[in-house]
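Participant: File entry-v4.txt below, compact mmCIF, C-alpha atoms:
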# COMPACT_ATOMS: atom_id res chain seq x y z
CA MET A 1 -4.38 21.93 -7.78
CA ILE A 2 -2.27 19.33 -9.57
CA LYS A 3 -0.39 18.53 -6.37
CA ILE A 4 -3.60 18.25 -4.35
CA PHE A 5 -5.30 15.84 -6.73
CA THR A 6 -2.12 13.85 -7.28
CA LEU A 7 -2.26 13.07 -3.56
CA LEU A 8 -5.56 11.31 -4.19
CA LEU A 9 -3.76 8.10 -5.13
CA LEU A 10 -0.64 8.49 -3.04
CA THR A 11 -1.97 6.95 0.14
CA ILE A 12 -2.64 3.56 -1.45
CA ILE A 13 0.93 2.67 -2.40
CA THR A 14 2.95 0.07 -0.53
CA ASN A 15 0.09 -0.82 1.77
CA PHE A 16 -1.62 -3.73 0.03
CA THR A 17 0.59 -6.61 1.06
CA LEU A 18 -0.47 -9.83 2.79
CA ALA A 19 -4.13 -9.11 2.38
CA LYS A 20 -5.83 -12.22 3.66
CA THR A 21 -6.89 -12.27 7.30
CA LEU A 22 -4.11 -13.87 9.29
CA THR A 23 -5.28 -16.85 11.26
CA SER A 24 -2.78 -17.11 14.11
CA ASP A 25 0.05 -15.28 15.82
CA SER A 26 2.47 -18.05 14.82
CA GLU A 27 1.64 -17.42 11.15
CA VAL A 28 2.10 -13.68 11.62
CA MET A 29 5.64 -14.10 12.94
CA HIS A 30 6.79 -15.09 9.45
CA LYS A 31 5.20 -12.10 7.76
CA ILE A 32 8.33 -10.06 7.27
CA PHE A 33 9.14 -8.73 3.81
CA THR A 34 10.92 -5.90 2.00
CA GLY A 35 10.08 -3.51 -0.83
CA TYR A 36 12.73 -1.95 -3.09
CA ALA A 37 11.61 1.35 -4.64
CA TYR A 38 13.30 2.21 -7.94
CA ASP A 39 12.95 5.42 -9.93
CA LEU A 40 10.61 4.55 -12.81
CA SER A 41 12.75 6.48 -15.32
CA THR A 42 16.35 5.97 -14.20
CA GLN A 43 15.96 2.60 -12.39
CA GLU A 44 17.95 4.10 -9.48
CA LEU A 45 17.19 2.58 -6.07
CA LEU A 46 15.57 5.39 -4.04
CA TYR A 47 14.64 3.78 -0.71
CA THR A 48 13.54 0.51 0.87
CA GLU A 49 10.43 -0.48 2.83
CA HIS A 50 10.60 -2.97 5.69
CA HIS A 51 7.29 -4.58 6.66
CA ARG A 52 6.59 -6.62 9.76
CA TYR A 53 3.41 -7.99 11.32
CA LEU A 54 3.83 -7.93 15.10
CA ASN A 55 0.62 -9.93 15.51
CA ARG A 56 -2.68 -10.39 13.72
CA TYR A 57 -3.71 -6.76 14.17
CA HIS A 58 -0.51 -4.71 14.16
CA HIS A 59 1.56 -4.02 11.04
CA GLN A 60 4.66 -1.83 11.11
CA VAL A 61 6.51 -0.33 8.15
CA GLU A 62 9.92 1.34 8.20
CA TYR A 63 11.16 3.41 5.27
CA ARG A 64 14.94 3.59 4.97
CA GLU A 65 17.42 5.51 2.86
CA VAL A 66 19.76 3.59 0.59
CA ASN A 67 23.13 2.66 2.06
CA THR A 68 26.06 4.08 0.09
CA LYS A 69 29.54 2.57 0.10
CA ASP A 70 32.80 3.34 -1.64
CA GLU A 71 32.23 0.55 -4.12
CA GLY A 72 28.67 1.61 -4.93
CA ILE A 73 25.16 1.29 -3.55
CA SER A 74 24.12 -1.41 -1.14
CA GLU A 75 20.54 -2.62 -0.86
CA GLY A 76 20.92 -3.12 2.88
CA ASN A 77 19.24 -1.13 5.63
CA GLY A 78 20.00 2.57 5.56
CA GLU A 79 18.96 5.43 7.82
CA LEU A 80 15.33 5.43 8.95
CA PHE A 81 13.44 8.40 7.47
CA ALA A 82 9.77 7.45 7.83
CA SER A 83 7.56 4.98 9.68
CA LYS A 84 3.98 3.75 9.71
CA HIS A 85 1.89 1.76 12.16
CA ILE A 86 -1.36 0.11 11.05
CA ASN A 87 -3.91 -1.24 13.54
CA TYR A 88 -6.60 -3.66 12.24
CA GLN A 89 -8.20 -4.21 15.64
CA TYR A 90 -11.46 -2.47 14.73
CA SER A 91 -11.56 -3.17 11.01
CA PHE A 92 -9.53 -4.93 8.32
CA TYR A 93 -11.03 -2.69 5.62
CA ALA A 94 -10.70 0.59 7.52
CA PRO A 95 -7.77 0.21 9.94
CA ASP A 96 -6.39 2.97 12.11
CA PHE A 97 -2.97 4.14 10.98
CA GLU A 98 -0.32 6.76 11.63
CA GLN A 99 2.54 7.72 9.31
CA LYS A 100 5.45 10.08 9.97
CA ASN A 101 8.02 11.33 7.44
CA LEU A 102 11.17 12.74 9.02
CA ARG A 103 12.39 14.11 5.70
CA ASN A 104 10.01 17.04 5.77
CA GLY A 105 7.83 16.52 8.85
CA GLU A 106 4.71 15.24 7.07
CA LYS A 107 2.30 13.46 9.44
CA ILE A 108 -0.84 11.48 8.61
CA GLN A 109 -3.29 9.92 11.06
CA SER A 110 -6.65 8.20 10.69
CA LYS A 111 -8.48 6.82 13.71
CA LYS A 112 -11.97 5.43 14.22
CA LYS A 113 -13.91 7.09 17.03
CA GLY A 114 -17.41 5.80 17.53
CA ASP A 115 -19.30 6.13 14.26
CA ASN A 116 -16.77 8.53 12.79
CA ILE A 117 -13.25 8.54 11.34
CA LEU A 118 -10.98 11.27 12.72
CA ILE A 119 -8.39 12.46 10.20
CA ARG A 120 -5.33 14.56 10.96
CA TYR A 121 -2.92 15.75 8.26
CA GLN A 122 0.18 17.95 8.41
CA GLU A 123 1.89 18.56 5.06
CA ASN A 124 5.29 19.43 6.57
CA SER A 125 6.88 20.59 9.82
CA GLU A 126 6.04 24.24 9.05
CA SER A 127 2.39 23.62 8.16
CA ARG A 128 -0.52 23.68 10.56
CA ILE A 129 -2.28 20.44 11.42
CA GLN A 130 -5.56 20.02 9.54
CA GLU A 131 -8.32 17.99 11.16
CA GLU A 132 -11.65 16.61 9.98
CA SER A 133 -14.19 14.03 11.11
CA ILE A 134 -16.17 12.02 8.56
CA ARG A 135 -18.96 9.50 8.98
CA TYR A 136 -17.85 5.86 8.88
CA ASN A 137 -19.62 3.58 6.42
CA LYS A 138 -19.18 -0.12 5.62
CA GLN A 139 -18.00 0.64 2.07
CA LEU A 140 -15.13 2.81 3.29
CA VAL A 141 -11.60 1.53 2.62
CA VAL A 142 -8.64 3.02 4.50
CA ASP A 143 -4.95 2.69 3.65
CA ALA A 144 -3.78 -0.96 3.77
CA GLY A 145 -7.41 -2.09 4.00
CA PHE A 146 -7.30 -1.89 0.21
CA ASP A 147 -5.38 -5.16 0.13
CA TYR A 148 -8.07 -6.92 2.14
CA PHE A 149 -10.56 -5.61 -0.41
CA ILE A 150 -8.49 -7.11 -3.25
CA THR A 151 -8.40 -10.61 -1.78
CA LYS A 152 -12.01 -10.53 -0.61
CA ASN A 153 -13.08 -9.76 -4.19
CA TRP A 154 -10.31 -11.74 -5.90
CA GLN A 155 -12.46 -13.98 -8.09
CA ALA A 156 -14.62 -11.11 -9.32
CA LEU A 157 -11.58 -8.98 -10.15
CA ILE A 158 -9.56 -11.64 -11.98
CA THR A 159 -12.56 -12.51 -14.14
CA GLY A 160 -12.72 -8.92 -15.35
CA LYS A 161 -15.27 -7.18 -13.14
CA THR A 162 -14.55 -3.48 -12.60
CA MET A 163 -15.19 -2.48 -9.00
CA VAL A 164 -15.52 0.92 -7.35
CA ILE A 165 -14.44 1.58 -3.77
CA ASP A 166 -14.92 4.51 -1.40
CA TYR A 167 -11.31 5.32 -0.45
CA LEU A 168 -10.15 7.63 2.33
CA VAL A 169 -7.62 10.27 1.27
CA PRO A 170 -6.27 11.85 4.48
CA SER A 171 -4.35 14.59 2.63
CA LEU A 172 -7.70 15.85 1.31
CA LEU A 173 -9.57 15.14 4.58
CA ASP A 174 -12.23 13.27 2.63
CA HIS A 175 -13.02 10.07 0.75
CA TYR A 176 -13.29 9.53 -3.00
CA GLU A 177 -14.35 6.79 -5.38
CA LEU A 178 -11.59 4.75 -7.02
CA ARG A 179 -12.04 2.30 -9.87
CA VAL A 180 -10.20 -1.04 -9.74
CA LYS A 181 -10.00 -3.28 -12.80
CA LYS A 182 -7.88 -6.05 -14.26
CA VAL A 183 -5.44 -5.11 -17.04
CA VAL A 184 -2.99 -7.00 -19.23
CA CYS A 185 0.37 -7.60 -17.55
CA ASP A 186 3.51 -6.47 -19.36
CA PRO A 187 6.13 -9.21 -19.92
CA ILE A 188 8.38 -7.67 -17.26
CA ASP A 189 5.53 -7.87 -14.73
CA LYS A 190 5.51 -11.67 -15.08
CA LEU A 191 9.17 -12.28 -14.33
CA PRO A 192 9.51 -15.17 -11.80
CA GLU A 193 10.32 -13.87 -8.34
CA ASN A 194 9.55 -14.52 -4.70
CA ASN A 195 9.45 -18.24 -5.49
CA ILE A 196 5.99 -17.75 -7.01
CA GLN A 197 5.48 -19.94 -10.07
CA GLY A 198 1.72 -19.54 -10.41
CA GLU A 199 -0.40 -16.97 -12.20
CA HIS A 200 0.32 -13.25 -12.22
CA HIS A 201 -2.55 -10.76 -12.34
CA CYS A 202 -2.29 -7.02 -12.93
CA PHE A 203 -4.75 -4.35 -11.85
CA SER A 204 -5.06 -0.63 -12.45
CA VAL A 205 -6.34 1.78 -9.81
CA ALA A 206 -7.68 5.16 -10.92
CA ALA A 207 -10.04 7.85 -9.70
CA ALA A 208 -13.62 7.05 -10.73
CA SER A 209 -14.30 10.73 -11.42
CA PHE A 210 -13.18 11.88 -14.88
CA PHE A 211 -12.32 15.33 -13.52
CA ILE A 212 -10.07 13.96 -10.77
CA ARG A 213 -8.42 11.55 -13.24
CA LEU A 214 -7.19 14.63 -15.12
CA PHE A 215 -5.06 15.58 -12.11
CA SER A 216 -4.06 12.20 -10.69
CA ASN A 217 -1.88 9.28 -11.67
CA ASN A 218 -3.05 5.73 -12.27
CA LEU A 219 -1.43 2.94 -10.29
CA LYS A 220 -0.57 -0.51 -11.61
CA LEU A 221 -0.30 -3.49 -9.28
CA THR A 222 1.06 -6.96 -10.03
CA TYR A 223 -0.09 -9.79 -7.77
CA GLY A 224 1.27 -13.32 -7.66
CA HIS A 225 -1.23 -16.10 -7.02
CA TYR A 226 -0.24 -19.66 -6.27
CA SER A 227 -1.16 -22.59 -4.03
CA LYS A 228 1.36 -24.26 -1.75
CA ASP A 229 -0.78 -27.39 -1.85
CA GLU A 230 -2.19 -28.04 -5.32
CA GLU A 231 -4.96 -30.20 -3.86
CA SER A 232 -6.31 -27.31 -1.82
CA GLU A 233 -8.36 -24.55 -3.42
CA ASN A 234 -8.74 -22.28 -0.42
CA GLU A 235 -6.73 -22.58 2.77
CA SER A 236 -3.29 -22.92 1.15
CA THR A 237 -3.85 -20.19 -1.41
CA ASP A 238 -1.52 -17.22 -1.10
CA ILE A 239 -1.92 -13.86 -2.86
CA ARG A 240 0.97 -11.41 -2.70
CA LEU A 241 1.70 -8.02 -4.14
CA LEU A 242 4.86 -8.38 -6.25
CA ARG A 243 5.20 -5.03 -7.96
CA PHE A 244 3.81 -1.53 -7.75
CA LYS A 245 4.13 1.13 -10.44
CA GLY A 246 3.00 4.69 -9.80
CA ARG A 247 3.54 7.79 -7.70
CA SER A 248 5.28 7.17 -4.37
CA ASN A 249 3.52 7.91 -1.07
CA ILE A 250 6.79 9.07 0.47
CA CYS A 251 8.14 12.48 -0.52
CA ASP A 252 11.73 13.71 -0.52
CA SER A 253 13.01 16.52 1.72
CA ASP A 254 11.60 19.10 -0.74
CA GLY A 255 8.14 17.58 -0.62
CA ASN A 256 8.36 16.07 -4.12
CA TYR A 257 6.82 12.68 -4.92
CA LEU A 258 8.51 10.51 -7.53
CA ASP A 259 7.18 7.84 -9.86
CA VAL A 260 8.50 4.49 -8.68
CA ASN A 261 8.58 0.80 -9.49
CA ILE A 262 8.58 -1.14 -6.21
CA HIS A 263 9.65 -4.80 -6.15
CA TYR A 264 8.50 -6.78 -3.11
CA GLN A 265 10.64 -9.64 -1.83
CA TYR A 266 9.32 -12.31 0.55
CA PRO A 267 11.28 -14.92 2.53
CA VAL A 268 11.43 -18.32 0.87
CA ALA A 269 9.11 -20.72 2.68
CA GLU A 270 10.77 -23.56 4.52
CA GLY A 271 10.02 -27.15 3.65
In structure tokens, write the structure found in this file.

Facilitator:
Amino acid sequence: MIKIFTLLLLTIITNFTLAKTLTSDSEVMHKIFTGYAYDLSTQELLYTEHHRYLNRYHHQVEYREVNTKDEGISEGNGELFASKHINYQYSFYAPDFEQKNLRNGEKIQSKKKGDNILIRYQENSESRIQEESIRYNKQLVVDAGFDYFITKNWQALITGKTMVIDYLVPSLLDHYELRVKKVVCDPIDKLPENNIQGEHHCFSVAAASFFIRLFSNNLKLTYGHYSKDEESENESTDIRLLRFKGRSNICDSDGNYLDVNIHYQYPVAEG
């Protein structure tokens, strides 16, 4: 039971980056960034994430092992062990997505069909594929659609409003309510990085149900918020996920999920 309910929050991690709706293909071409996942206890680098927007609607993620060299560990690209493709064509809040983990054969798929969402989940290469169809509703948030929810409700969240979302959990073939609220950032969460000198805001994400909270882990997200043009209040505003603390959504070869601290690095803007 603990493993099942822990999976409730797993599917959110590493998916809420670059939340605002992208306005042009030329802008998308620069949306390439990397996440470095460290063990929360030992600070050991466990794997890296490589994100790329192919266009406005298609987002690809590659998960790679850490390169090892005689002189130590390199943070460069290692062997590919998992991948994800996210398609926002039908919805930015509830995108289609497919994720495959070569470590143990885990496969996750969510796809909108008519008025329903078709979910397929396979825990590992030896498990049977589970399938379920649920009714789509406008309050439903799927995978990386969570990030679009954050930016759409940015002002309400940073002023302290607690919000509840209906979040799809493919591993449970169902959707559950999650509570999102602003929390105090730790000093380490505010360290300057990614060339962001503006405000940092931290949020916690937890199951709304007290019973499920007993078996699941809270997530903590740190966002950086700044304006490239101080005279503009809207169009030049950029909101980026800088850090994630919580249970990883990628398991090892034994099917174990570790607690991680992921640092996201973005290219320095030109000019």

Participant: When you look at range 242-249 of chain A with a cut-off of 7 Å (counting all atoms listed in the file), what residues show up, excluding the ones that are within fewer than 4 positions of it in the same chain? I need them as a ChimeraX atom specification.

Facilitator: /A:10-11,13,217-224,257-264

Participant: Would you put the residues from that selection into a file with C-alpha atoms, as a tab-separated table (two decimals), keeping the file's coordinate frame?

Facilitator:
chain	number	residue	atom	x	y	z
A	10	LEU	CA	-0.64	8.49	-3.04
A	11	THR	CA	-1.97	6.95	0.14
A	13	ILE	CA	0.93	2.67	-2.40
A	217	ASN	CA	-1.88	9.28	-11.67
A	218	ASN	CA	-3.05	5.73	-12.27
A	219	LEU	CA	-1.43	2.94	-10.29
A	220	LYS	CA	-0.57	-0.51	-11.61
A	221	LEU	CA	-0.30	-3.49	-9.28
A	222	THR	CA	1.06	-6.96	-10.03
A	223	TYR	CA	-0.09	-9.79	-7.77
A	224	GLY	CA	1.27	-13.32	-7.66
A	257	TYR	CA	6.82	12.68	-4.92
A	258	LEU	CA	8.51	10.51	-7.53
A	259	ASP	CA	7.18	7.84	-9.86
A	260	VAL	CA	8.50	4.49	-8.68
A	261	ASN	CA	8.58	0.80	-9.49
A	262	ILE	CA	8.58	-1.14	-6.21
A	263	HIS	CA	9.65	-4.80	-6.15
A	264	TYR	CA	8.50	-6.78	-3.11

Participant: Do a neighbour search on His51 in chain A at 6 Å with only C-alpha atoms, toss out local chain neighbours closer than 6 positions, and write the hits as a count of residues only.

Facilitator: 4

Participant: When distances are computed from all atoms listed in the file, which of A:Arg128, A:Lys100, A:Arg120, A:Lys111 shows the smallest separation from Val142 in chain A?

Facilitator: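 Between A:Arg128, A:Lys100, A:Arg120, A:Lys111, the residue approaching Val142 in chain A most closely is A:Lys111.
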
Participant: Interatomic distance between CA of Glu79 in chain A and CA of Thr42 in chain A?

Facilitator: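 Result for CA of Glu79 in chain A versus CA of Thr42 in chain A: 22.2 Å, one decimal.
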
Participant: Could you work out how far CA of Tyr53 in chain A lies from CA of Tyr266 in chain A, giving the answer in Å with one decimal?

Facilitator: 13.0 Å

Participant: Rounded to one decimal, what separation in Å do you get between CA of Asp147 in chain A and CA of Arg56 in chain A?

Facilitator: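 Those two atoms sit 14.8 Å apart.
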
Participant: Give me the residues within 12 Å of Glu62 in chain A as a PyMOL selection string, counting only C-alpha atoms and dropping any in the same chain fewer than 6 places off.

Facilitator: chain A and resi 14-15+32-35+47-53+77-86+99-102+250
